[in-house]
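S.K.: Sending over coords17.cif (mmCIF, C-alpha atoms).
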data_structure
#
loop_
_atom_site.group_PDB
_atom_site.id
_atom_site.type_symbol
_atom_site.label_atom_id
_atom_site.label_comp_id
_atom_site.auth_asym_id
_atom_site.auth_seq_id
_atom_site.Cartn_x
_atom_site.Cartn_y
_atom_site.Cartn_z
ATOM 1 C CA MET L 1 -5.017 -15.583 4.597
ATOM 2 C CA LYS L 2 -2.882 -15.112 1.510
ATOM 3 C CA ILE L 3 -0.991 -12.251 -0.058
ATOM 4 C CA ARG L 4 -1.238 -11.996 -3.839
ATOM 5 C CA LYS L 5 -1.009 -9.517 -6.667
ATOM 6 C CA ALA L 6 -4.126 -7.381 -6.997
ATOM 7 C CA LEU L 7 -6.617 -8.238 -9.724
ATOM 8 C CA GLU L 8 -9.314 -6.200 -11.423
ATOM 9 C CA LYS L 9 -11.962 -7.928 -9.268
ATOM 10 C CA ASP L 10 -10.294 -6.382 -6.172
ATOM 11 C CA LEU L 11 -10.537 -2.752 -7.257
ATOM 12 C CA GLU L 12 -13.899 -1.929 -5.676
ATOM 13 C CA SER L 13 -12.832 -3.384 -2.312
ATOM 14 C CA VAL L 14 -9.469 -1.627 -2.441
ATOM 15 C CA GLU L 15 -11.124 1.674 -3.348
ATOM 16 C CA LYS L 16 -13.289 1.401 -0.203
ATOM 17 C CA LEU L 17 -10.319 0.304 1.910
ATOM 18 C CA PHE L 18 -8.204 3.282 0.807
ATOM 19 C CA HIS L 19 -11.004 5.765 1.531
ATOM 20 C CA ILE L 20 -9.817 6.618 5.050
ATOM 21 C CA LYS L 21 -8.840 9.999 6.438
ATOM 22 C CA GLU L 22 -5.155 9.121 6.795
ATOM 23 C CA LEU L 23 -4.886 8.413 3.062
ATOM 24 C CA ALA L 24 -6.698 11.527 1.834
ATOM 25 C CA ALA L 25 -4.729 13.661 -0.587
ATOM 26 C CA VAL L 26 -5.150 17.364 -1.281
ATOM 27 C CA ASP L 27 -8.806 18.410 -1.335
ATOM 28 C CA ASN L 28 -9.798 15.048 0.233
ATOM 29 C CA TRP L 29 -9.023 13.180 -2.967
ATOM 30 C CA TYR L 30 -8.909 9.379 -2.845
ATOM 31 C CA PRO L 31 -7.922 6.924 -5.595
ATOM 32 C CA ASN L 32 -10.954 5.475 -7.379
ATOM 33 C CA LYS L 33 -11.195 2.231 -9.352
ATOM 34 C CA ASN L 34 -10.040 3.923 -12.558
ATOM 35 C CA VAL L 35 -6.900 5.256 -10.886
ATOM 36 C CA LEU L 36 -6.204 1.939 -9.159
ATOM 37 C CA LYS L 37 -6.628 0.025 -12.421
ATOM 38 C CA ASN L 38 -3.546 1.802 -13.815
ATOM 39 C CA PHE L 39 -1.411 0.094 -11.170
ATOM 40 C CA LEU L 40 -2.484 -3.489 -11.924
ATOM 41 C CA LYS L 41 0.209 -3.961 -14.543
ATOM 42 C CA ASN L 42 3.141 -3.229 -12.229
ATOM 43 C CA ASN L 43 4.628 -5.529 -9.592
ATOM 44 C CA PHE L 44 3.776 -3.245 -6.689
ATOM 45 C CA PHE L 45 0.072 -3.753 -6.019
ATOM 46 C CA PHE L 46 -0.773 -6.517 -3.532
ATOM 47 C CA VAL L 47 -3.809 -7.523 -1.518
ATOM 48 C CA ALA L 48 -4.287 -9.650 1.576
ATOM 49 C CA GLU L 49 -7.261 -11.935 1.022
ATOM 50 C CA GLU L 50 -9.179 -14.371 3.147
ATOM 51 C CA GLU L 51 -12.350 -16.188 2.066
ATOM 52 C CA ASN L 52 -12.518 -14.002 -1.070
ATOM 53 C CA LYS L 53 -12.500 -10.812 1.018
ATOM 54 C CA VAL L 54 -9.805 -8.143 0.757
ATOM 55 C CA LEU L 55 -8.429 -7.420 4.226
ATOM 56 C CA GLY L 56 -5.612 -5.104 3.199
ATOM 57 C CA ALA L 57 -3.763 -3.672 0.235
ATOM 58 C CA ILE L 58 -0.506 -1.952 -0.646
ATOM 59 C CA LEU L 59 0.166 -0.074 -3.839
ATOM 60 C CA GLY L 60 3.139 1.750 -5.284
ATOM 61 C CA GLU L 61 5.055 2.432 -8.434
ATOM 62 C CA PRO L 62 8.584 1.923 -9.673
ATOM 63 C CA LEU L 63 11.113 4.708 -9.714
ATOM 64 C CA LYS L 64 14.384 4.548 -11.614
ATOM 65 C CA PHE L 65 16.295 2.879 -8.766
ATOM 66 C CA GLY L 66 13.614 2.234 -6.157
ATOM 67 C CA VAL L 67 9.917 1.966 -5.438
ATOM 68 C CA MET L 68 7.493 4.551 -4.059
ATOM 69 C CA GLY L 69 4.668 3.205 -1.902
ATOM 70 C CA TRP L 70 1.654 5.494 -2.210
ATOM 71 C CA TRP L 71 -1.259 3.749 -0.492
ATOM 72 C CA PHE L 72 -1.277 1.070 2.183
ATOM 73 C CA ALA L 73 -4.134 0.052 4.482
ATOM 74 C CA VAL L 74 -5.469 -2.878 6.480
ATOM 75 C CA LYS L 75 -9.085 -3.101 7.603
ATOM 76 C CA GLU L 76 -9.342 -1.742 11.108
ATOM 77 C CA ASN L 77 -10.989 -4.872 12.552
ATOM 78 C CA VAL L 78 -8.051 -7.118 11.500
ATOM 79 C CA ARG L 79 -5.115 -4.858 12.348
ATOM 80 C CA ARG L 80 -2.308 -6.017 14.655
ATOM 81 C CA LYS L 81 -2.469 -9.570 13.285
ATOM 82 C CA GLY L 82 0.580 -9.423 11.005
ATOM 83 C CA ILE L 83 -1.332 -8.670 7.804
ATOM 84 C CA GLY L 84 0.335 -5.289 7.283
ATOM 85 C CA THR L 85 3.784 -6.751 7.858
ATOM 86 C CA ARG L 86 3.122 -9.530 5.342
ATOM 87 C CA LEU L 87 1.869 -7.015 2.766
ATOM 88 C CA LEU L 88 4.925 -4.816 3.297
ATOM 89 C CA LYS L 89 7.266 -7.809 2.937
ATOM 90 C CA ALA L 90 5.552 -8.800 -0.352
ATOM 91 C CA PHE L 91 5.988 -5.221 -1.576
ATOM 92 C CA GLU L 92 9.684 -5.281 -0.642
ATOM 93 C CA GLU L 93 10.130 -8.673 -2.318
ATOM 94 C CA GLY L 94 8.590 -7.210 -5.479
ATOM 95 C CA ALA L 95 11.212 -4.463 -5.301
ATOM 96 C CA ARG L 96 14.015 -7.021 -4.948
ATOM 97 C CA LYS L 97 12.727 -9.017 -7.918
ATOM 98 C CA GLU L 98 12.743 -5.839 -10.007
ATOM 99 C CA LYS L 99 16.333 -5.138 -8.855
ATOM 100 C CA LYS L 100 15.306 -1.968 -7.013
ATOM 101 C CA HIS L 101 17.636 -0.584 -4.348
ATOM 102 C CA PHE L 102 15.224 1.130 -1.967
ATOM 103 C CA VAL L 103 11.588 1.510 -0.945
ATOM 104 C CA ILE L 104 10.019 4.800 0.134
ATOM 105 C CA MET L 105 6.634 4.673 1.856
ATOM 106 C CA HIS L 106 4.575 7.851 1.677
ATOM 107 C CA SER L 107 2.671 8.743 4.824
ATOM 108 C CA HIS L 108 0.956 11.729 6.373
ATOM 109 C CA VAL L 109 3.274 13.306 8.917
ATOM 110 C CA LYS L 110 0.836 12.585 11.796
ATOM 111 C CA SER L 111 -0.073 9.064 10.693
ATOM 112 C CA LYS L 112 0.005 6.133 13.089
ATOM 113 C CA ALA L 113 1.610 4.233 10.205
ATOM 114 C CA ILE L 114 4.951 5.898 10.928
ATOM 115 C CA ASP L 115 5.414 3.756 14.048
ATOM 116 C CA PHE L 116 4.600 0.663 11.970
ATOM 117 C CA TYR L 117 7.220 1.598 9.361
ATOM 118 C CA LEU L 118 9.846 2.319 12.027
ATOM 119 C CA LYS L 119 9.117 -1.069 13.626
ATOM 120 C CA ASN L 120 9.701 -2.674 10.229
ATOM 121 C CA GLY L 121 13.148 -1.118 9.748
ATOM 122 C CA TYR L 122 12.284 2.090 7.910
ATOM 123 C CA ARG L 123 13.707 5.503 8.799
ATOM 124 C CA LYS L 124 11.680 8.673 9.053
ATOM 125 C CA GLY L 125 12.276 11.006 6.148
ATOM 126 C CA GLN L 126 11.935 14.739 5.838
ATOM 127 C CA ASP L 127 8.692 16.413 6.909
ATOM 128 C CA VAL L 128 7.539 18.521 3.978
ATOM 129 C CA SER L 129 4.416 19.968 5.600
#
Once more with this new file: its structure as structure tokens, please.
M.R.:
Amino acid sequence: MKIRKALEKDLESVEKLFHIKELAAVDNWYPNKNVLKNFLKNNFFFVAEEENKVLGAILGEPLKFGVMGWWFAVKENVRRKGIGTRLLKAFEEGARKEKKHFVIMHSHVKSKAIDFYLKNGYRKGQDVS
């Protein structure tokens, strides 16, 4: 399994991967291939791949001094195998390379992902619900 920057060939798989209830935005909106394509040019869109299959992805965008992580998912059948941690570390390394000072990961207030982020050294932010 390898972590690499996302490519255009990954967009369909990532679109399907990100179409889970926990990542739904207002009105059950999910990012489609056209939205995802806009993020290919930045250094904050990574996939975990094995045998030409996308197992997970993380996507964000640069802020003035930091990075905002918007979408992050690992296929359910391969969770708890370190893939998410490796994706998050690649995302953080991208932030360091861009001389960013912090990373914020967006998450639904009731998401199971919060425990994952806490385990990886993040702090819980303000609940805006």
S.K.: What's around L:Asn38 at 12 Å? Count all atoms listed in the file, leave out sequence neighbours fewer than 3 positions away in its own chain, and write the answer as a short mmCIF file (atom, residue, chain, number, x, y, z; two decimals) with C-alpha atoms, in the frame of the given file.
M.R.:
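The file below, selection22.cif, is the result:
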data_model
loop_
_atom_site.label_atom_id
_atom_site.label_comp_id
_atom_site.auth_asym_id
_atom_site.auth_seq_id
_atom_site.Cartn_x
_atom_site.Cartn_y
_atom_site.Cartn_z
CA ALA L 6 -4.13 -7.38 -7.00
CA LEU L 7 -6.62 -8.24 -9.72
CA GLU L 8 -9.31 -6.20 -11.42
CA LEU L 11 -10.54 -2.75 -7.26
CA PRO L 31 -7.92 6.92 -5.60
CA ASN L 32 -10.95 5.48 -7.38
CA LYS L 33 -11.20 2.23 -9.35
CA ASN L 34 -10.04 3.92 -12.56
CA VAL L 35 -6.90 5.26 -10.89
CA LYS L 41 0.21 -3.96 -14.54
CA ASN L 42 3.14 -3.23 -12.23
CA ASN L 43 4.63 -5.53 -9.59
CA PHE L 44 3.78 -3.24 -6.69
CA PHE L 45 0.07 -3.75 -6.02
CA LEU L 59 0.17 -0.07 -3.84
CA GLY L 60 3.14 1.75 -5.28
CA GLU L 61 5.06 2.43 -8.43
#
S.K.: Centre and edge lengths of an axis-aligned box around all listed atoms of stretch 53-71 of chain L, with 3 Å added on each side, are to be given in Å to one decimal, as lines of an AutoDock Vina configuration file.
M.R.:
center_x = 1.9
center_y = -2.7
center_z = -3.7
size_x = 34.8
size_y = 22.3
size_z = 21.8
S.K.: Please provide the set of residues having any atom within 12 Å of L:Ile114, restricted to all atoms listed in the file, with same-chain residues fewer than 2 positions apart removed, written as a PDB file with C-alpha atoms, in the frame of the given file.
M.R.:
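Saved file part21.pdb follows:
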ATOM      1  CA  GLU L  22      -5.155   9.121   6.795  1.00  0.00           C
ATOM      2  CA  PHE L  72      -1.277   1.070   2.183  1.00  0.00           C
ATOM      3  CA  ILE L 104      10.019   4.800   0.134  1.00  0.00           C
ATOM      4  CA  MET L 105       6.634   4.673   1.856  1.00  0.00           C
ATOM      5  CA  HIS L 106       4.575   7.851   1.677  1.00  0.00           C
ATOM      6  CA  SER L 107       2.671   8.743   4.824  1.00  0.00           C
ATOM      7  CA  HIS L 108       0.956  11.729   6.373  1.00  0.00           C
ATOM      8  CA  VAL L 109       3.274  13.306   8.917  1.00  0.00           C
ATOM      9  CA  LYS L 110       0.836  12.585  11.796  1.00  0.00           C
ATOM     10  CA  SER L 111      -0.073   9.064  10.693  1.00  0.00           C
ATOM     11  CA  LYS L 112       0.005   6.133  13.089  1.00  0.00           C
ATOM     12  CA  PHE L 116       4.600   0.663  11.970  1.00  0.00           C
ATOM     13  CA  TYR L 117       7.220   1.598   9.361  1.00  0.00           C
ATOM     14  CA  LEU L 118       9.846   2.319  12.027  1.00  0.00           C
ATOM     15  CA  LYS L 119       9.117  -1.069  13.626  1.00  0.00           C
ATOM     16  CA  ASN L 120       9.701  -2.674  10.229  1.00  0.00           C
ATOM     17  CA  GLY L 121      13.148  -1.118   9.748  1.00  0.00           C
ATOM     18  CA  TYR L 122      12.284   2.090   7.910  1.00  0.00           C
ATOM     19  CA  ARG L 123      13.707   5.503   8.799  1.00  0.00           C
ATOM     20  CA  LYS L 124      11.680   8.673   9.053  1.00  0.00           C
ATOM     21  CA  GLY L 125      12.276  11.006   6.148  1.00  0.00           C
ATOM     22  CA  ASP L 127       8.692  16.413   6.909  1.00  0.00           C
TER      23      ASP L 127
END
S.K.: Between atom CA of L:Ala25 and atom CA of L:Thr85, what is the distance in Å, rounded to a tenth?
M.R.: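 Going from atom CA of L:Ala25 over to atom CA of L:Thr85 covers 23.7 Å.
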S.K.: What's the separation between atom CA of L:Asp10 and atom CA of L:Lys99, in Å to one decimal place?
M.R.: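 Computing it gives 26.8 Å between the two atoms.
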S.K.: Please compute the atom CA of L:Ala57-atom CA of L:Trp29 distance, one decimal, in Å.
M.R.: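 Here the two named atoms are 17.9 Å from each other.
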S.K.: May I have the residues within 10 Å of L:Tyr30 as a list in words, using all atoms listed in the file and disregarding those fewer than 5 positions away in the same chain?
M.R.: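 The contact residues come out as Glu15, Lys16, Phe18, His19, Ile20, Lys21, Leu23, Ala24, Ala25, Val35 and Trp71 of chain L.
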S.K.: Write a file of the just-selected residues containing C-alpha atoms, as a tab-separated table (two decimals), keeping the file's coordinate frame.
M.R.:
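The file below, selection04.tsv, is the result:
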chain	number	residue	atom	x	y	z
L	15	GLU	CA	-11.12	1.67	-3.35
L	16	LYS	CA	-13.29	1.40	-0.20
L	18	PHE	CA	-8.20	3.28	0.81
L	19	HIS	CA	-11.00	5.76	1.53
L	20	ILE	CA	-9.82	6.62	5.05
L	21	LYS	CA	-8.84	10.00	6.44
L	23	LEU	CA	-4.89	8.41	3.06
L	24	ALA	CA	-6.70	11.53	1.83
L	25	ALA	CA	-4.73	13.66	-0.59
L	35	VAL	CA	-6.90	5.26	-10.89
L	71	TRP	CA	-1.26	3.75	-0.49
S.K.: Hey, which of L:Val78, L:Val26, L:Met68, L:Val47 ends up closest to L:Lys9? Count all atoms listed in the file.
M.R.: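 Of all the options, L:Val47 lies closest to L:Lys9.
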S.K.: Considering all atoms listed in the file, can you say which of L:Leu36, L:Val103, L:Ile83, L:Leu88 comes closest to L:Gly66?
M.R.: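 Smallest separation from L:Gly66 among the options: L:Val103.
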S.K.: Would you kindly translate the PyMOL selection byres ((chain L and resi 98) around 10) into the concrete residues it picks from this file, as a ChimeraX atom specification?
M.R.: /L:43-44,62,65-67,92-97,99-101
S.K.: If the PyMOL selection byres ((chain L and resi 75) around 6) were run on this exact file, what residues would it hold? Put them as an NGL selection string.
M.R.: :L and (55-56 or 74 or 76-78)
S.K.: When you count only C-alpha atoms, which of these residues is closest to L:Lys37: L:Val14, L:Leu63, L:Ile3, L:Val54?
M.R.: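 Residue with the minimum atom-to-atom distance to L:Lys37: L:Val14.
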S.K.: So which one's closest to L:Lys2, L:Ala48, L:Ile58, L:Phe102, L:Arg79? Using all atoms listed in the file, please.
M.R.: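 Among L:Ala48, L:Ile58, L:Phe102, L:Arg79, it is L:Ala48 that comes nearest to L:Lys2.
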S.K.: Tell me which of L:Ala73, L:Leu17, L:Gly84, L:Arg4 sits closest to L:Glu49, counting only C-alpha atoms.
M.R.: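 Result for the nearest residue to L:Glu49: L:Arg4.
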S.K.: Reconstruct all heavy atoms of stretch 36-47 of chain L; output as a PDB file, in the coordinates of the input.
M.R.:
ATOM      1  N   LEU L  36      -6.813   3.180  -9.638  1.00  0.00           N
ATOM      2  CA  LEU L  36      -6.204   1.939  -9.159  1.00  0.00           C
ATOM      3  C   LEU L  36      -5.911   0.974 -10.306  1.00  0.00           C
ATOM      4  O   LEU L  36      -4.892   0.280 -10.296  1.00  0.00           O
ATOM      5  CB  LEU L  36      -7.110   1.274  -8.123  1.00  0.00           C
ATOM      6  CG  LEU L  36      -7.350   2.067  -6.836  1.00  0.00           C
ATOM      7  CD1 LEU L  36      -8.434   1.402  -6.008  1.00  0.00           C
ATOM      8  CD2 LEU L  36      -6.069   2.234  -6.051  1.00  0.00           C
ATOM      9  N   LYS L  37      -6.787   0.938 -11.286  1.00  0.00           N
ATOM     10  CA  LYS L  37      -6.628   0.025 -12.421  1.00  0.00           C
ATOM     11  C   LYS L  37      -5.294   0.246 -13.137  1.00  0.00           C
ATOM     12  O   LYS L  37      -4.674  -0.701 -13.624  1.00  0.00           O
ATOM     13  CB  LYS L  37      -7.791   0.203 -13.400  1.00  0.00           C
ATOM     14  CG  LYS L  37      -7.827  -0.807 -14.501  1.00  0.00           C
ATOM     15  CD  LYS L  37      -9.081  -0.635 -15.338  1.00  0.00           C
ATOM     16  CE  LYS L  37      -9.154  -1.727 -16.378  1.00  0.00           C
ATOM     17  NZ  LYS L  37     -10.414  -1.676 -17.121  1.00  0.00           N
ATOM     18  N   ASN L  38      -4.823   1.492 -13.168  1.00  0.00           N
ATOM     19  CA  ASN L  38      -3.546   1.802 -13.815  1.00  0.00           C
ATOM     20  C   ASN L  38      -2.354   1.120 -13.157  1.00  0.00           C
ATOM     21  O   ASN L  38      -1.301   0.989 -13.771  1.00  0.00           O
ATOM     22  CB  ASN L  38      -3.317   3.317 -13.836  1.00  0.00           C
ATOM     23  CG  ASN L  38      -4.281   4.026 -14.739  1.00  0.00           C
ATOM     24  OD1 ASN L  38      -4.507   3.608 -15.867  1.00  0.00           O
ATOM     25  ND2 ASN L  38      -4.880   5.094 -14.236  1.00  0.00           N
ATOM     26  N   PHE L  39      -2.519   0.705 -11.904  1.00  0.00           N
ATOM     27  CA  PHE L  39      -1.411   0.094 -11.170  1.00  0.00           C
ATOM     28  C   PHE L  39      -1.394  -1.433 -11.268  1.00  0.00           C
ATOM     29  O   PHE L  39      -0.462  -2.071 -10.790  1.00  0.00           O
ATOM     30  CB  PHE L  39      -1.462   0.519  -9.699  1.00  0.00           C
ATOM     31  CG  PHE L  39      -1.141   1.966  -9.480  1.00  0.00           C
ATOM     32  CD1 PHE L  39      -2.139   2.929  -9.509  1.00  0.00           C
ATOM     33  CD2 PHE L  39       0.164   2.378  -9.256  1.00  0.00           C
ATOM     34  CE1 PHE L  39      -1.854   4.265  -9.317  1.00  0.00           C
ATOM     35  CE2 PHE L  39       0.465   3.712  -9.060  1.00  0.00           C
ATOM     36  CZ  PHE L  39      -0.547   4.664  -9.090  1.00  0.00           C
ATOM     37  N   LEU L  40      -2.412  -2.020 -11.856  1.00  0.00           N
ATOM     38  CA  LEU L  40      -2.484  -3.489 -11.924  1.00  0.00           C
ATOM     39  C   LEU L  40      -1.339  -4.102 -12.707  1.00  0.00           C
ATOM     40  O   LEU L  40      -0.925  -5.220 -12.429  1.00  0.00           O
ATOM     41  CB  LEU L  40      -3.818  -3.933 -12.540  1.00  0.00           C
ATOM     42  CG  LEU L  40      -5.047  -3.761 -11.665  1.00  0.00           C
ATOM     43  CD1 LEU L  40      -6.298  -4.109 -12.453  1.00  0.00           C
ATOM     44  CD2 LEU L  40      -4.950  -4.601 -10.409  1.00  0.00           C
ATOM     45  N   LYS L  41      -0.820  -3.379 -13.681  1.00  0.00           N
ATOM     46  CA  LYS L  41       0.209  -3.961 -14.543  1.00  0.00           C
ATOM     47  C   LYS L  41       1.612  -3.934 -13.930  1.00  0.00           C
ATOM     48  O   LYS L  41       2.514  -4.559 -14.449  1.00  0.00           O
ATOM     49  CB  LYS L  41       0.207  -3.279 -15.906  1.00  0.00           C
ATOM     50  CG  LYS L  41       0.418  -1.795 -15.858  1.00  0.00           C
ATOM     51  CD  LYS L  41       0.233  -1.162 -17.226  1.00  0.00           C
ATOM     52  CE  LYS L  41       0.214   0.345 -17.096  1.00  0.00           C
ATOM     53  NZ  LYS L  41      -1.057   0.946 -17.382  1.00  0.00           N
ATOM     54  N   ASN L  42       1.803  -3.212 -12.823  1.00  0.00           N
ATOM     55  CA  ASN L  42       3.141  -3.229 -12.229  1.00  0.00           C
ATOM     56  C   ASN L  42       3.227  -4.278 -11.122  1.00  0.00           C
ATOM     57  O   ASN L  42       2.239  -4.903 -10.761  1.00  0.00           O
ATOM     58  CB  ASN L  42       3.577  -1.824 -11.773  1.00  0.00           C
ATOM     59  CG  ASN L  42       2.939  -1.362 -10.484  1.00  0.00           C
ATOM     60  OD1 ASN L  42       2.676  -2.152  -9.580  1.00  0.00           O
ATOM     61  ND2 ASN L  42       2.693  -0.078 -10.377  1.00  0.00           N
ATOM     62  N   ASN L  43       4.402  -4.489 -10.608  1.00  0.00           N
ATOM     63  CA  ASN L  43       4.628  -5.529  -9.592  1.00  0.00           C
ATOM     64  C   ASN L  43       4.536  -4.990  -8.173  1.00  0.00           C
ATOM     65  O   ASN L  43       5.105  -5.569  -7.257  1.00  0.00           O
ATOM     66  CB  ASN L  43       5.997  -6.167  -9.811  1.00  0.00           C
ATOM     67  CG  ASN L  43       6.016  -7.014 -11.057  1.00  0.00           C
ATOM     68  OD1 ASN L  43       5.041  -7.691 -11.368  1.00  0.00           O
ATOM     69  ND2 ASN L  43       7.112  -6.971 -11.791  1.00  0.00           N
ATOM     70  N   PHE L  44       3.802  -3.894  -7.992  1.00  0.00           N
ATOM     71  CA  PHE L  44       3.776  -3.245  -6.689  1.00  0.00           C
ATOM     72  C   PHE L  44       2.355  -2.933  -6.222  1.00  0.00           C
ATOM     73  O   PHE L  44       2.083  -1.878  -5.672  1.00  0.00           O
ATOM     74  CB  PHE L  44       4.640  -1.981  -6.727  1.00  0.00           C
ATOM     75  CG  PHE L  44       6.022  -2.260  -7.222  1.00  0.00           C
ATOM     76  CD1 PHE L  44       6.415  -1.889  -8.490  1.00  0.00           C
ATOM     77  CD2 PHE L  44       6.926  -2.963  -6.436  1.00  0.00           C
ATOM     78  CE1 PHE L  44       7.682  -2.184  -8.958  1.00  0.00           C
ATOM     79  CE2 PHE L  44       8.191  -3.271  -6.893  1.00  0.00           C
ATOM     80  CZ  PHE L  44       8.570  -2.871  -8.161  1.00  0.00           C
ATOM     81  N   PHE L  45       1.461  -3.889  -6.458  1.00  0.00           N
ATOM     82  CA  PHE L  45       0.072  -3.753  -6.019  1.00  0.00           C
ATOM     83  C   PHE L  45      -0.363  -5.124  -5.506  1.00  0.00           C
ATOM     84  O   PHE L  45      -0.572  -6.051  -6.277  1.00  0.00           O
ATOM     85  CB  PHE L  45      -0.794  -3.291  -7.188  1.00  0.00           C
ATOM     86  CG  PHE L  45      -2.212  -2.901  -6.847  1.00  0.00           C
ATOM     87  CD1 PHE L  45      -3.047  -2.431  -7.848  1.00  0.00           C
ATOM     88  CD2 PHE L  45      -2.730  -2.994  -5.558  1.00  0.00           C
ATOM     89  CE1 PHE L  45      -4.364  -2.066  -7.576  1.00  0.00           C
ATOM     90  CE2 PHE L  45      -4.037  -2.638  -5.272  1.00  0.00           C
ATOM     91  CZ  PHE L  45      -4.851  -2.167  -6.288  1.00  0.00           C
ATOM     92  N   PHE L  46      -0.457  -5.244  -4.175  1.00  0.00           N
ATOM     93  CA  PHE L  46      -0.773  -6.517  -3.532  1.00  0.00           C
ATOM     94  C   PHE L  46      -1.999  -6.369  -2.639  1.00  0.00           C
ATOM     95  O   PHE L  46      -2.264  -5.292  -2.111  1.00  0.00           O
ATOM     96  CB  PHE L  46       0.402  -6.985  -2.663  1.00  0.00           C
ATOM     97  CG  PHE L  46       1.648  -7.291  -3.439  1.00  0.00           C
ATOM     98  CD1 PHE L  46       2.615  -6.319  -3.634  1.00  0.00           C
ATOM     99  CD2 PHE L  46       1.855  -8.553  -3.972  1.00  0.00           C
ATOM    100  CE1 PHE L  46       3.767  -6.599  -4.348  1.00  0.00           C
ATOM    101  CE2 PHE L  46       3.004  -8.842  -4.688  1.00  0.00           C
ATOM    102  CZ  PHE L  46       3.960  -7.855  -4.876  1.00  0.00           C
ATOM    103  N   VAL L  47      -2.703  -7.472  -2.464  1.00  0.00           N
ATOM    104  CA  VAL L  47      -3.809  -7.523  -1.518  1.00  0.00           C
ATOM    105  C   VAL L  47      -3.619  -8.699  -0.568  1.00  0.00           C
ATOM    106  O   VAL L  47      -2.980  -9.695  -0.915  1.00  0.00           O
ATOM    107  CB  VAL L  47      -5.188  -7.642  -2.217  1.00  0.00           C
ATOM    108  CG1 VAL L  47      -5.486  -6.413  -3.043  1.00  0.00           C
ATOM    109  CG2 VAL L  47      -5.301  -8.903  -3.030  1.00  0.00           C
TER     110      VAL L  47
END
